[in-house]
Structure formats: structure tokens, C-alpha cells
$ cat final-v2.pdb   # PDB, C-alpha atoms (C1' of nucleotides)
ATOM      1  CA  MET L  20     261.015 -86.229 226.030
ATOM      2  CA  ALA L  21     263.557 -88.769 224.855
ATOM      3  CA  GLY L  22     263.402 -90.053 221.344
ATOM      4  CA  GLU L  23     261.600 -87.272 219.521
ATOM      5  CA  LEU L  24     261.616 -87.621 215.762
ATOM      6  CA  ALA L  25     265.265 -87.788 214.844
ATOM      7  CA  LEU L  26     267.860 -89.449 212.725
ATOM      8  CA  PRO L  27     269.685 -92.521 213.988
ATOM      9  CA  ASP L  28     273.033 -91.987 215.690
ATOM     10  CA  GLY L  29     276.038 -92.026 213.471
ATOM     11  CA  VAL L  30     274.366 -90.862 210.295
ATOM     12  CA  ARG L  31     275.125 -87.457 208.884
ATOM     13  CA  SER L  32     272.770 -84.575 209.236
ATOM     14  CA  THR L  33     272.130 -83.303 205.746
ATOM     15  CA  THR L  34     269.695 -80.755 204.405
ATOM     16  CA  GLN L  35     267.967 -83.511 202.461
ATOM     17  CA  ARG L  36     267.369 -85.667 205.494
ATOM     18  CA  LEU L  37     266.276 -82.711 207.555
ATOM     19  CA  ALA L  38     263.804 -81.786 204.841
ATOM     20  CA  VAL L  39     262.270 -85.255 204.956
ATOM     21  CA  LEU L  40     262.246 -85.091 208.730
ATOM     22  CA  ARG L  41     260.376 -81.799 208.683
ATOM     23  CA  ALA L  42     257.866 -83.173 206.217
ATOM     24  CA  VAL L  43     257.243 -86.170 208.449
ATOM     25  CA  ALA L  44     257.029 -83.970 211.526
ATOM     26  CA  GLU L  45     254.342 -81.773 210.059
ATOM     27  CA  SER L  46     252.328 -84.679 208.685
ATOM     28  CA  THR L  47     248.898 -85.133 210.159
ATOM     29  CA  GLY L  48     247.871 -88.410 208.602
ATOM     30  CA  SER L  49     249.134 -91.213 206.484
ATOM     31  CA  PHE L  50     251.320 -90.641 203.469
ATOM     32  CA  THR L  51     253.046 -92.503 200.702
ATOM     33  CA  VAL L  52     256.724 -92.031 199.989
ATOM     34  CA  ALA L  53     255.878 -90.042 196.870
ATOM     35  CA  GLU L  54     253.616 -87.687 198.810
ATOM     36  CA  LEU L  55     256.241 -87.203 201.459
ATOM     37  CA  HIS L  56     258.768 -86.480 198.754
ATOM     38  CA  ASP L  57     256.571 -83.759 197.291
ATOM     39  CA  ARG L  58     256.140 -82.092 200.639
ATOM     40  CA  ALA L  59     259.797 -82.369 201.571
ATOM     41  CA  ARG L  60     260.710 -80.686 198.328
ATOM     42  CA  ARG L  61     259.213 -77.476 199.611
ATOM     43  CA  PHE L  62     262.141 -77.361 202.013
ATOM     44  CA  GLU L  63     264.741 -78.740 199.656
ATOM     45  CA  PRO L  64     263.739 -78.559 195.985
ATOM     46  CA  ARG L  65     266.735 -80.551 194.811
ATOM     47  CA  LEU L  66     265.751 -83.541 196.950
ATOM     48  CA  GLY L  67     265.786 -86.729 194.904
ATOM     49  CA  LEU L  68     263.152 -89.404 195.183
ATOM     50  CA  ALA L  69     265.744 -92.087 195.903
ATOM     51  CA  THR L  70     266.987 -90.093 198.857
ATOM     52  CA  THR L  71     263.475 -89.882 200.214
ATOM     53  CA  TYR L  72     263.179 -93.643 199.992
ATOM     54  CA  ARG L  73     266.513 -94.046 201.717
ATOM     55  CA  THR L  74     265.520 -91.646 204.479
ATOM     56  CA  VAL L  75     262.147 -93.272 205.049
ATOM     57  CA  GLU L  76     263.943 -96.547 205.490
ATOM     58  CA  LEU L  77     266.253 -94.909 208.029
ATOM     59  CA  LEU L  78     263.286 -93.570 209.946
ATOM     60  CA  ARG L  79     261.477 -96.868 209.803
ATOM     61  CA  SER L  80     264.481 -98.635 211.268
ATOM     62  CA  THR L  81     264.414 -96.322 214.255
ATOM     63  CA  GLY L  82     260.642 -96.354 214.665
ATOM     64  CA  GLY L  83     260.208 -92.761 213.510
ATOM     65  CA  VAL L  84     257.685 -93.808 210.929
ATOM     66  CA  HIS L  85     255.492 -96.837 210.823
ATOM     67  CA  PRO L  86     254.031 -98.662 207.827
ATOM     68  CA  LEU L  87     250.272 -99.070 207.691
ATOM     69  CA  LEU L  88     248.351-102.012 206.407
ATOM     70  CA  GLY L  89     247.283-100.668 203.109
ATOM     71  CA  GLU L  90     244.894-101.645 200.428
ATOM     72  CA  GLY L  91     246.931 -99.987 197.752
ATOM     73  CA  ARG L  92     250.419 -98.519 197.824
ATOM     74  CA  PRO L  93     252.422 -98.752 201.020
ATOM     75  CA  THR L  94     251.671 -95.876 203.359
ATOM     76  CA  TYR L  95     253.325 -94.656 206.494
ATOM     77  CA  VAL L  96     252.463 -92.627 209.523
ATOM     78  CA  ARG L  97     254.632 -90.623 211.804
ATOM     79  CA  CYS L  98     255.279 -92.601 214.926
ATOM     80  CA  ARG L  99     256.062 -91.153 218.276
ATOM     81  CA  PRO L 100     258.222 -93.265 220.498
ATOM     82  CA  GLU L 101     255.631 -93.691 223.218
ATOM     83  CA  HIS L 102     253.466 -96.721 223.033
ATOM     84  CA  HIS L 103     250.430 -95.957 220.986
ATOM     85  CA  HIS L 104     248.136 -97.158 218.275
ATOM     86  CA  HIS L 105     246.432 -95.718 215.282
ATOM     87  CA  LEU L 106     242.914 -94.638 214.525
ATOM     88  CA  VAL L 107     242.605 -94.672 210.786
ATOM     89  CA  CYS L 108     239.638 -92.874 209.281
ATOM     90  CA  THR L 109     238.407 -94.795 206.271
ATOM     91  CA  SER L 110     236.558 -91.747 205.041
ATOM     92  CA  CYS L 111     239.227 -89.039 204.932
ATOM     93  CA  GLY L 112     242.390 -91.117 205.380
ATOM     94  CA  GLY L 113     243.400 -89.193 208.487
ATOM     95  CA  VAL L 114     245.263 -90.965 211.230
ATOM     96  CA  GLU L 115     245.144 -90.168 214.930
ATOM     97  CA  GLU L 116     247.256 -91.714 217.581
ATOM     98  CA  THR L 117     245.788 -93.068 220.768
ATOM     99  CA  GLU L 118     247.418 -94.394 223.864
ATOM    100  CA  LEU L 119     244.402 -96.584 224.505
ATOM    101  CA  CYS L 120     245.527-100.155 224.399
ATOM    102  CA  ALA L 121     244.350-103.391 225.826
ATOM    103  CA  ALA L 122     246.292-106.071 224.059
ATOM    104  CA  PRO L 123     246.209-109.572 225.471
ATOM    105  CA  SER L 124     248.655-109.959 228.331
ATOM    106  CA  GLU L 125     251.932-111.747 227.882
ATOM    107  CA  SER L 126     250.991-114.328 230.477
ATOM    108  CA  GLU L 127     247.746-115.156 228.750
ATOM    109  CA  LEU L 128     249.459-115.500 225.374
ATOM    110  CA  GLN L 129     252.021-117.770 226.983
ATOM    111  CA  ARG L 130     249.452-119.907 228.689
ATOM    112  CA  ARG L 131     247.075-120.225 225.773
ATOM    113  CA  HIS L 132     249.459-120.320 222.852
ATOM    114  CA  GLY L 133     252.981-120.732 224.177
ATOM    115  CA  PHE L 134     253.682-117.504 222.359
ATOM    116  CA  ARG L 135     256.113-114.906 223.606
ATOM    117  CA  PRO L 136     255.062-111.481 222.319
ATOM    118  CA  ALA L 137     257.685-108.931 221.418
ATOM    119  CA  ALA L 138     255.590-106.234 219.818
ATOM    120  CA  HIS L 139     252.123-105.650 218.588
ATOM    121  CA  GLU L 140     250.346-103.581 216.121
ATOM    122  CA  LEU L 141     246.839-102.326 216.606
ATOM    123  CA  ASP L 142     245.145-100.273 213.960
ATOM    124  CA  ILE L 143     241.543 -99.318 214.389
ATOM    125  CA  TYR L 144     239.612 -98.429 211.287
ATOM    126  CA  GLY L 145     236.478 -96.338 211.431
ATOM    127  CA  THR L 146     235.106 -92.834 211.155
ATOM    128  CA  CYS L 147     236.736 -89.845 212.732
ATOM    129  CA  ARG L 148     235.002 -86.988 214.489
ATOM    130  CA  ARG L 149     234.954 -84.703 211.498
ATOM    131  CA  CYS L 150     233.664 -87.299 209.077
ATOM    132  CA  ALA L 151     230.956 -88.597 211.387
TER     133      ALA L 151
ATOM    134  CA  MET Z  11     229.419-122.200 210.497
ATOM    135  CA  ALA Z  12     228.495-119.484 208.010
ATOM    136  CA  GLY Z  13     231.156-117.928 205.838
ATOM    137  CA  GLU Z  14     233.779-120.641 205.602
ATOM    138  CA  LEU Z  15     236.444-119.929 203.039
ATOM    139  CA  ALA Z  16     234.557-119.404 199.803
ATOM    140  CA  LEU Z  17     234.270-117.353 196.685
ATOM    141  CA  PRO Z  18     232.042-114.292 196.580
ATOM    142  CA  ASP Z  19     228.505-114.734 195.298
ATOM    143  CA  GLY Z  20     228.034-114.314 191.620
ATOM    144  CA  VAL Z  21     231.482-115.321 190.499
ATOM    145  CA  ARG Z  22     231.993-118.548 188.639
ATOM    146  CA  SER Z  23     233.447-121.595 190.238
ATOM    147  CA  THR Z  24     236.408-122.598 188.142
ATOM    148  CA  THR Z  25     239.108-125.155 188.676
ATOM    149  CA  GLN Z  26     241.665-122.369 188.873
ATOM    150  CA  ARG Z  27     239.845-120.540 191.619
ATOM    151  CA  LEU Z  28     239.195-123.743 193.507
ATOM    152  CA  ALA Z  29     242.877-124.582 193.276
ATOM    153  CA  VAL Z  30     243.799-121.251 194.837
ATOM    154  CA  LEU Z  31     241.107-121.762 197.449
ATOM    155  CA  ARG Z  32     242.493-125.146 198.380
ATOM    156  CA  ALA Z  33     245.989-123.735 198.612
ATOM    157  CA  VAL Z  34     244.760-121.018 200.953
ATOM    158  CA  ALA Z  35     242.735-123.508 202.968
ATOM    159  CA  GLU Z  36     245.720-125.743 203.629
ATOM    160  CA  SER Z  37     248.045-122.868 204.446
ATOM    161  CA  THR Z  38     249.390-122.808 207.957
ATOM    162  CA  GLY Z  39     251.155-119.489 207.991
ATOM    163  CA  SER Z  40     251.728-116.424 205.966
ATOM    164  CA  PHE Z  41     252.388-116.545 202.257
ATOM    165  CA  THR Z  42     253.120-114.307 199.334
ATOM    166  CA  VAL Z  43     251.087-114.446 196.167
ATOM    167  CA  ALA Z  44     253.946-116.185 194.376
ATOM    168  CA  GLU Z  45     254.179-118.864 197.056
ATOM    169  CA  LEU Z  46     250.464-119.406 196.963
ATOM    170  CA  HIS Z  47     250.653-119.700 193.207
ATOM    171  CA  ASP Z  48     253.297-122.405 193.460
ATOM    172  CA  ARG Z  49     251.230-124.402 195.892
ATOM    173  CA  ALA Z  50     248.013-123.976 193.947
ATOM    174  CA  ARG Z  51     249.721-125.289 190.854
ATOM    175  CA  ARG Z  52     249.922-128.684 192.463
ATOM    176  CA  PHE Z  53     246.162-128.829 192.016
ATOM    177  CA  GLU Z  54     245.998-127.064 188.685
ATOM    178  CA  PRO Z  55     249.342-126.982 186.869
ATOM    179  CA  ARG Z  56     248.077-124.674 184.150
ATOM    180  CA  LEU Z  57     247.184-121.960 186.649
ATOM    181  CA  GLY Z  58     248.543-118.603 185.582
ATOM    182  CA  LEU Z  59     250.135-116.139 187.955
ATOM    183  CA  ALA Z  60     247.759-113.389 186.905
ATOM    184  CA  THR Z  61     244.808-115.565 187.828
ATOM    185  CA  THR Z  62     246.283-116.133 191.256
ATOM    186  CA  TYR Z  63     246.572-112.390 191.734
ATOM    187  CA  ARG Z  64     243.001-111.920 190.586
ATOM    188  CA  THR Z  65     241.758-114.636 192.926
ATOM    189  CA  VAL Z  66     243.671-113.323 195.923
ATOM    190  CA  GLU Z  67     242.035-109.970 195.310
ATOM    191  CA  LEU Z  68     238.644-111.664 195.232
ATOM    192  CA  LEU Z  69     239.355-113.388 198.524
ATOM    193  CA  ARG Z  70     240.645-110.237 200.090
ATOM    194  CA  SER Z  71     237.460-108.402 199.162
ATOM    195  CA  THR Z  72     235.422-110.990 201.017
ATOM    196  CA  GLY Z  73     237.750-111.261 203.969
ATOM    197  CA  GLY Z  74     238.942-114.754 203.107
ATOM    198  CA  VAL Z  75     242.536-113.645 203.233
ATOM    199  CA  HIS Z  76     244.106-110.788 205.076
ATOM    200  CA  PRO Z  77     247.225-108.799 204.268
ATOM    201  CA  LEU Z  78     249.945-108.633 206.907
ATOM    202  CA  LEU Z  79     252.179-105.748 207.714
ATOM    203  CA  GLY Z  80     255.341-106.816 206.060
ATOM    204  CA  GLU Z  81     258.865-105.616 205.969
ATOM    205  CA  GLY Z  82     259.403-106.998 202.515
ATOM    206  CA  ARG Z  83     256.949-108.271 199.954
ATOM    207  CA  PRO Z  84     253.240-108.182 200.711
ATOM    208  CA  THR Z  85     252.123-111.300 202.544
ATOM    209  CA  TYR Z  86     248.733-112.681 203.373
ATOM    210  CA  VAL Z  87     247.216-115.070 205.853
ATOM    211  CA  ARG Z  88     244.085-117.113 205.658
ATOM    212  CA  CYS Z  89     241.387-115.433 207.609
ATOM    213  CA  ARG Z  90     238.468-117.191 209.198
ATOM    214  CA  PRO Z  91     235.312-115.205 209.496
ATOM    215  CA  GLU Z  92     235.168-115.331 213.263
ATOM    216  CA  HIS Z  93     236.736-112.479 215.105
ATOM    217  CA  HIS Z  94     240.362-113.211 215.718
ATOM    218  CA  HIS Z  95     243.849-111.846 215.580
ATOM    219  CA  HIS Z  96     247.213-113.042 214.491
ATOM    220  CA  LEU Z  97     250.278-114.237 216.301
ATOM    221  CA  VAL Z  98     253.114-113.824 213.870
ATOM    222  CA  CYS Z  99     256.349-115.598 214.661
ATOM    223  CA  THR Z 100     259.236-113.435 213.581
ATOM    224  CA  SER Z 101     261.550-116.425 213.690
ATOM    225  CA  CYS Z 102     259.813-118.992 211.469
ATOM    226  CA  GLY Z 103     257.163-116.850 209.781
ATOM    227  CA  GLY Z 104     254.349-119.007 211.093
ATOM    228  CA  VAL Z 105     251.031-117.438 211.933
ATOM    229  CA  GLU Z 106     248.565-118.616 214.547
ATOM    230  CA  GLU Z 107     245.148-117.238 215.087
ATOM    231  CA  THR Z 108     243.905-116.313 218.512
ATOM    232  CA  GLU Z 109     240.542-115.235 219.717
ATOM    233  CA  LEU Z 110     242.171-113.313 222.530
ATOM    234  CA  CYS Z 111     241.286-109.706 222.100
ATOM    235  CA  ALA Z 112     240.971-106.734 224.311
ATOM    236  CA  ALA Z 113     240.724-103.800 221.977
ATOM    237  CA  PRO Z 114     239.626-100.435 223.371
ATOM    238  CA  SER Z 115     235.870-100.261 223.716
ATOM    239  CA  GLU Z 116     233.746 -98.295 221.318
ATOM    240  CA  SER Z 117     232.495 -96.050 224.088
ATOM    241  CA  GLU Z 118     235.981 -95.187 225.216
ATOM    242  CA  LEU Z 119     237.090 -94.391 221.680
ATOM    243  CA  GLN Z 120     234.032 -92.191 221.262
ATOM    244  CA  ARG Z 121     234.587 -90.379 224.479
ATOM    245  CA  ARG Z 122     238.302 -89.856 224.130
ATOM    246  CA  HIS Z 123     238.634 -89.335 220.406
ATOM    247  CA  GLY Z 124     235.173 -88.918 218.907
ATOM    248  CA  PHE Z 125     236.087 -91.907 216.801
ATOM    249  CA  ARG Z 126     233.580 -94.526 215.715
ATOM    250  CA  PRO Z 127     235.406 -97.825 215.160
ATOM    251  CA  ALA Z 128     234.266-100.160 212.437
ATOM    252  CA  ALA Z 129     236.995-102.760 212.494
ATOM    253  CA  HIS Z 130     240.349-103.324 213.978
ATOM    254  CA  GLU Z 131     243.439-105.185 213.245
ATOM    255  CA  LEU Z 132     245.682-106.636 215.869
ATOM    256  CA  ASP Z 133     248.813-108.473 214.946
ATOM    257  CA  ILE Z 134     251.152-109.639 217.652
ATOM    258  CA  TYR Z 135     254.736-110.296 216.701
ATOM    259  CA  GLY Z 136     256.965-112.501 218.722
ATOM    260  CA  THR Z 137     258.275-116.031 219.138
ATOM    261  CA  CYS Z 138     256.115-119.105 218.803
ATOM    262  CA  ARG Z 139     256.254-122.201 220.971
ATOM    263  CA  ARG Z 140     258.473-124.187 218.630
ATOM    264  CA  CYS Z 141     260.995-121.409 218.099
ATOM    265  CA  ALA Z 142     261.237-120.475 221.761
TER     266      ALA Z 142
ATOM    267  C1'  DA E  20     291.202 -85.951 203.850
ATOM    268  C1'  DT E  21     287.887 -89.219 203.415
ATOM    269  C1'  DA E  22     283.974 -91.766 204.218
ATOM    270  C1'  DA E  23     279.210 -90.765 203.867
ATOM    271  C1'  DC E  24     275.716 -89.003 201.090
ATOM    272  C1'  DT E  25     273.167 -87.438 196.919
ATOM    273  C1'  DG E  26     271.086 -87.103 192.251
ATOM    274  C1'  DC E  27     270.514 -89.182 188.185
ATOM    275  C1'  DA E  28     269.054 -92.635 185.289
ATOM    276  C1'  DA E  29     269.025 -97.260 184.380
ATOM    277  C1'  DA E  30     267.739-101.697 186.107
ATOM    278  C1'  DC E  31     264.701-104.474 188.661
ATOM    279  C1'  DG E  32     260.684-107.083 190.023
ATOM    280  C1'  DG E  33     256.212-107.447 191.523
ATOM    281  C1'  DT E  34     251.543-106.398 189.781
ATOM    282  C1'  DT E  35     248.262-105.157 186.303
ATOM    283  C1'  DT E  36     246.221-105.216 181.817
ATOM    284  C1'  DG E  37     244.749-106.138 176.818
ATOM    285  C1'  DC E  38     243.245-109.518 174.123
ATOM    286  C1'  DA E  39     242.207-113.802 171.822
ATOM    287  C1'  DA E  40     240.920-118.362 173.165
ATOM    288  C1'  DG E  41     238.446-121.187 176.276
ATOM    289  C1'  DT E  42     234.768-122.279 179.796
ATOM    290  C1'  DC E  43     230.952-122.097 183.008
ATOM    291  C1'  DT E  44     225.906-121.465 183.381
TER     292       DT E  44
ATOM    293  C1'  DA P   8     224.519-118.387 173.149
ATOM    294  C1'  DG P   9     226.674-115.175 175.870
ATOM    295  C1'  DA P  10     229.033-113.374 179.551
ATOM    296  C1'  DC P  11     232.693-114.483 182.432
ATOM    297  C1'  DT P  12     237.318-116.272 183.044
ATOM    298  C1'  DT P  13     241.970-117.562 181.741
ATOM    299  C1'  DG P  14     246.832-117.590 180.010
ATOM    300  C1'  DC P  15     250.113-115.206 177.892
ATOM    301  C1'  DA P  16     253.145-111.580 177.374
ATOM    302  C1'  DA P  17     253.684-106.915 177.269
ATOM    303  C1'  DA P  18     253.114-102.779 179.803
ATOM    304  C1'  DC P  19     253.280-100.492 184.076
ATOM    305  C1'  DC P  20     255.107 -98.380 188.034
ATOM    306  C1'  DG P  21     256.980 -98.203 192.521
ATOM    307  C1'  DT P  22     261.477 -99.220 194.429
ATOM    308  C1'  DT P  23     266.355-100.212 194.333
ATOM    309  C1'  DT P  24     270.969 -99.711 192.703
ATOM    310  C1'  DG P  25     275.502 -98.243 190.420
ATOM    311  C1'  DC P  26     278.239 -94.601 189.962
ATOM    312  C1'  DA P  27     280.446 -90.172 189.560
ATOM    313  C1'  DG P  28     280.224 -85.894 191.824
ATOM    314  C1'  DT P  29     279.379 -83.488 196.309
ATOM    315  C1'  DT P  30     279.364 -82.697 201.270
ATOM    316  C1'  DA P  31     279.547 -83.351 206.316
ATOM    317  C1'  DT P  32     282.767 -84.325 209.819
TER     318       DT P  32
END
$ encode --input "final-v2.pdb" --output "C-alpha cells"
Amino acid sequence: MAGELALPDGVRSTTQRLAVLRAVAESTGSFTVAELHDRARRFEPRLGLATTYRTVELLRSTGGVHPLLGEGRPTYVRCRPEHHHHLVCTSCGGVEETELCAAPSESELQRRHGFRPAAHELDIYGTCRRCA
Amino acid sequence: MAGELALPDGVRSTTQRLAVLRAVAESTGSFTVAELHDRARRFEPRLGLATTYRTVELLRSTGGVHPLLGEGRPTYVRCRPEHHHHLVCTSCGGVEETELCAAPSESELQRRHGFRPAAHELDIYGTCRRCA
DNA sequence: ATAACTGCAAACGGTTTGCAAGTCT
DNA sequence: AGACTTGCAAACCGTTTGCAGTTAT
């Protein structure tokens, strides 16, 4: 599968970045940068917070993580390269991915609004199976 | 039409809050709190920035404004109570509303994910008519 | 060898908060 | 009158940045 969670081309592979990568890879829900930093430190205790910020930005630029619309502090979720959307549980904070999608078609957006869509973001908020 | 842009019940109607309300009402696209503050000051020059923050939070709690997924600083858009989504122009920053929506059905989410949706958020990014 | 990367700590900037004064009901 | 609201300015806190030392290539 092309495009699995990885660093952008041309950047160096360091233990710090790999630690952040592992922490993202094992994440099951949404996380803040600080939380990610804490978890990544289990792999690389000397990891600095600034480096975590810098790495998150790297991953965001390649689509490896994705910012969520948050009430409070900015949160992220791991983001697989396939097209998908997020099911955000408002009870436990967990995030599932789903490939279900039915966004308005490009032709309809063109016809109705003269708008040419490039990307879209669908987050569904509700209650997950466990919290039901 | 019930639920036009308004303050929550029980809070006092002050010139400051009305000024912020007017600034939101006349907004045509996305805005940051600081921008909103500048515009609201045209109606109430003595308006403090902290009050603008407090009022935006009030409006957010009632759905009168809606935070957008931003790269940079947090931005908001005015949000009418009817169901709708946003067409965000990545060129000029303008935001249109659209009633076009085709989110996954509740039954399909239940069946496939055991997820009970309460709300969803669809923002479409692309190029608007004028910027095309 | 050398350009990229990191940790540290300071700087930054947006947001929140405490409080005394003012205002709506 | 009394509770709510405001402006101000300080405090707060998440994020960014400069820089000297370190590391991947």
C-alpha cells in the first residue's frame, strides 16, 4: 500500500522523528501535540517538545496527520492516505475512520455555486459503539 | 424563521454584544476574533477585545458562529441555524454556505460502525466562482 | 565534510482572568 | 438594589524561534 505513514522525501530519518512516527502509528484516537510528545518519549526519552511540534508539522504537510475541529486545544488524528472521514465520539474522544462518504458531486457544486472543490473534510460527531 | 442570529436566553443585551452580533451578521466570509473585533468597533468603539472573545464564545455555544479548520489562527464563520455546509475558497478566504449535503445515513453508520451520529461537519475547500 | 537536525530556553502572541467600575433589569 | 457585564492589564500557556552543539548522509 503506497503512502503508509512516513516522513516526507528528502528529510533525514532520525530517532526523534521515528519516535514521533511510532507514537502516531499506535494512536487510536485524537491527540494533542503534548500528549503525542509524552507517548513518543517512551521511545526516545530525550525528545524535545519543539521537535515534536516540528515533526507534527512535517506529518501534517504530507497528510500523515490531520487536524480536527476542536473546542479546546488543537488536536490531531492519524490519517491514512486513502480517502476517508472521521467518526468522533463525543463521549470518549475516540476517533474511527470510515470510508463512507457522499459529499456533493463536483458537477453539482459547479452548477449550483460555481465552486470548484479541491478537497473536503467530513467529521461526524456522535456516540461510538462502546459508549452507546 | 426561528433561531436567527441571536444571543442565548438569559444573557443581557448590551451595546457591546449587539455590536459583535452586527459584525457577525454582516460578515461574508471567515474571520478571526481580532478581525471581528475591529469590525465591531465601528459600532461600539469602546469595545474591548476580551469582550469580543467572551461574546464569540457565547455565540459558539448557541451555534451562531462555527469554527473552521484552519492552518493558522482559529477562524470562524457565521452559521445559520438551518442545516448547511461551507464552501471555503482557499484563494480569497471567502466562505459560502450550501444546503447541498449527502452525508452517510444514520442506518449505514450504525450498521457498518455501530456509531450513532449526532451532528456532522462538512467543509469543502476549493476555488470560488470569482477566483476561478 | 557539511547541511540538516535537535534540545534548550527565551521570546512570542493569542486567549483568559481578576478586579474595580459601570450597566442592564 | 443587585447581579451581570465590561475594560483594562496582567497572567497564562501553547507554539515558535535563535543558537550552539550534535548527527545523518
$ closest_residue --input "final-v2.pdb" --among "Z:Pro55, Z:Val34, Z:Arg64, Z:Ala50" --to "chain E" --atoms "all atoms listed in the file"
Z:Arg64
$ closest_residue --input "final-v2.pdb" --among "Z:Cys141, Z:Ile134, Z:Val21, Z:Val66" --to "chain L" --atoms "only C-alpha atoms"
Z:Ile134
$ residues_around --input "final-v2.pdb" --residues "DG21 (chain P)" --least-positions-apart "3" --cutoff "12 Å" --atoms "all atoms listed in the file" --output "PDB file with C-alpha atoms (C1' of nucleotides), in the frame of the given file"
ATOM      1  CA  THR L  51     253.046 -92.503 200.702  1.00  0.00           C
ATOM      2  CA  VAL L  52     256.724 -92.031 199.989  1.00  0.00           C
ATOM      3  CA  ALA L  53     255.878 -90.042 196.870  1.00  0.00           C
ATOM      4  CA  LEU L  68     263.152 -89.404 195.183  1.00  0.00           C
ATOM      5  CA  ALA L  69     265.744 -92.087 195.903  1.00  0.00           C
ATOM      6  CA  TYR L  72     263.179 -93.643 199.992  1.00  0.00           C
ATOM      7  CA  GLY L  91     246.931 -99.987 197.752  1.00  0.00           C
ATOM      8  CA  ARG L  92     250.419 -98.519 197.824  1.00  0.00           C
ATOM      9  CA  PRO L  93     252.422 -98.752 201.020  1.00  0.00           C
TER      10      PRO L  93
ATOM     11  C1'  DC E  31     264.701-104.474 188.661  1.00  0.00           C
ATOM     12  C1'  DG E  32     260.684-107.083 190.023  1.00  0.00           C
ATOM     13  C1'  DG E  33     256.212-107.447 191.523  1.00  0.00           C
ATOM     14  C1'  DT E  34     251.543-106.398 189.781  1.00  0.00           C
TER      15       DT E  34
END
$ interface_residues --input "final-v2.pdb" --of "chain Z" --to "chain E" --cutoff "8 Å" --atoms "all atoms listed in the file" --output "PyMOL selection string"
chain Z and resi 22-24
$ interface_residues --input "final-v2.pdb" --of "chain P" --to "chain L" --cutoff "12 Å" --atoms "only C-alpha atoms (C1' of nucleotides)" --output "NGL selection string"
:P and (20-24 or 29-32)
$ resolve_selection --input "final-v2.pdb" --expression "the PyMOL selection byres ((chain Z) within 10 of (chain L))" --output "NGL selection string"
:Z and (70 or 76-81 or 84 or 96-100 or 106-115 or 118-120 or 122-142)
$ write_last_selection --input "final-v2.pdb" --atoms "C-alpha atoms" --output "PDB file, keeping the file's coordinate frame"
ATOM      1  CA  ARG Z  70     240.645-110.237 200.090  1.00  0.00           C
ATOM      2  CA  HIS Z  76     244.106-110.788 205.076  1.00  0.00           C
ATOM      3  CA  PRO Z  77     247.225-108.799 204.268  1.00  0.00           C
ATOM      4  CA  LEU Z  78     249.945-108.633 206.907  1.00  0.00           C
ATOM      5  CA  LEU Z  79     252.179-105.748 207.714  1.00  0.00           C
ATOM      6  CA  GLY Z  80     255.341-106.816 206.060  1.00  0.00           C
ATOM      7  CA  GLU Z  81     258.865-105.616 205.969  1.00  0.00           C
ATOM      8  CA  PRO Z  84     253.240-108.182 200.711  1.00  0.00           C
ATOM      9  CA  HIS Z  96     247.213-113.042 214.491  1.00  0.00           C
ATOM     10  CA  LEU Z  97     250.278-114.237 216.301  1.00  0.00           C
ATOM     11  CA  VAL Z  98     253.114-113.824 213.870  1.00  0.00           C
ATOM     12  CA  CYS Z  99     256.349-115.598 214.661  1.00  0.00           C
ATOM     13  CA  THR Z 100     259.236-113.435 213.581  1.00  0.00           C
ATOM     14  CA  GLU Z 106     248.565-118.616 214.547  1.00  0.00           C
ATOM     15  CA  GLU Z 107     245.148-117.238 215.087  1.00  0.00           C
ATOM     16  CA  THR Z 108     243.905-116.313 218.512  1.00  0.00           C
ATOM     17  CA  GLU Z 109     240.542-115.235 219.717  1.00  0.00           C
ATOM     18  CA  LEU Z 110     242.171-113.313 222.530  1.00  0.00           C
ATOM     19  CA  CYS Z 111     241.286-109.706 222.100  1.00  0.00           C
ATOM     20  CA  ALA Z 112     240.971-106.734 224.311  1.00  0.00           C
ATOM     21  CA  ALA Z 113     240.724-103.800 221.977  1.00  0.00           C
ATOM     22  CA  PRO Z 114     239.626-100.435 223.371  1.00  0.00           C
ATOM     23  CA  SER Z 115     235.870-100.261 223.716  1.00  0.00           C
ATOM     24  CA  GLU Z 118     235.981 -95.187 225.216  1.00  0.00           C
ATOM     25  CA  LEU Z 119     237.090 -94.391 221.680  1.00  0.00           C
ATOM     26  CA  GLN Z 120     234.032 -92.191 221.262  1.00  0.00           C
ATOM     27  CA  ARG Z 122     238.302 -89.856 224.130  1.00  0.00           C
ATOM     28  CA  HIS Z 123     238.634 -89.335 220.406  1.00  0.00           C
ATOM     29  CA  GLY Z 124     235.173 -88.918 218.907  1.00  0.00           C
ATOM     30  CA  PHE Z 125     236.087 -91.907 216.801  1.00  0.00           C
ATOM     31  CA  ARG Z 126     233.580 -94.526 215.715  1.00  0.00           C
ATOM     32  CA  PRO Z 127     235.406 -97.825 215.160  1.00  0.00           C
ATOM     33  CA  ALA Z 128     234.266-100.160 212.437  1.00  0.00           C
ATOM     34  CA  ALA Z 129     236.995-102.760 212.494  1.00  0.00           C
ATOM     35  CA  HIS Z 130     240.349-103.324 213.978  1.00  0.00           C
ATOM     36  CA  GLU Z 131     243.439-105.185 213.245  1.00  0.00           C
ATOM     37  CA  LEU Z 132     245.682-106.636 215.869  1.00  0.00           C
ATOM     38  CA  ASP Z 133     248.813-108.473 214.946  1.00  0.00           C
ATOM     39  CA  ILE Z 134     251.152-109.639 217.652  1.00  0.00           C
ATOM     40  CA  TYR Z 135     254.736-110.296 216.701  1.00  0.00           C
ATOM     41  CA  GLY Z 136     256.965-112.501 218.722  1.00  0.00           C
ATOM     42  CA  THR Z 137     258.275-116.031 219.138  1.00  0.00           C
ATOM     43  CA  CYS Z 138     256.115-119.105 218.803  1.00  0.00           C
ATOM     44  CA  ARG Z 139     256.254-122.201 220.971  1.00  0.00           C
ATOM     45  CA  ARG Z 140     258.473-124.187 218.630  1.00  0.00           C
ATOM     46  CA  CYS Z 141     260.995-121.409 218.099  1.00  0.00           C
ATOM     47  CA  ALA Z 142     261.237-120.475 221.761  1.00  0.00           C
TER      48      ALA Z 142
END
$ closest_residue --input "final-v2.pdb" --among "L:Asp28, L:Arg41, L:His56, L:His104" --to "Thr70 (chain L)" --atoms "only C-alpha atoms"
L:His56
$ atom_distance --input "final-v2.pdb" --atom1 "C1' of DG25 (chain P)" --atom2 "CA of Phe62 (chain L)"
27.4 Å
$ atom_distance --input "final-v2.pdb" --atom1 "CA of Thr81 (chain L)" --atom2 "CA of Val87 (chain Z)"
26.8 Å
$ build_atoms --input "final-v2.pdb" --residues "region 51-56 of chain Z" --atoms "N, CA and C atoms" --output "short mmCIF file (atom, residue, chain, number, x, y, z; two decimals), keeping the file's coordinate frame"
data_model
loop_
_atom_site.label_atom_id
_atom_site.label_comp_id
_atom_site.auth_asym_id
_atom_site.auth_seq_id
_atom_site.Cartn_x
_atom_site.Cartn_y
_atom_site.Cartn_z
N ARG Z 51 249.41 -124.60 192.10
CA ARG Z 51 249.72 -125.29 190.85
C ARG Z 51 249.77 -126.80 191.02
N ARG Z 52 249.95 -127.24 192.25
CA ARG Z 52 249.92 -128.68 192.46
C ARG Z 52 248.54 -129.24 192.14
N PHE Z 53 247.53 -128.39 192.30
CA PHE Z 53 246.16 -128.83 192.02
C PHE Z 53 245.76 -128.52 190.58
N GLU Z 54 246.37 -127.51 190.03
CA GLU Z 54 246.00 -127.06 188.68
C GLU Z 54 247.25 -126.50 188.02
N PRO Z 55 248.03 -127.37 187.39
CA PRO Z 55 249.34 -126.98 186.87
C PRO Z 55 249.28 -125.85 185.85
N ARG Z 56 248.15 -125.69 185.18
CA ARG Z 56 248.08 -124.67 184.15
C ARG Z 56 247.73 -123.30 184.71
#
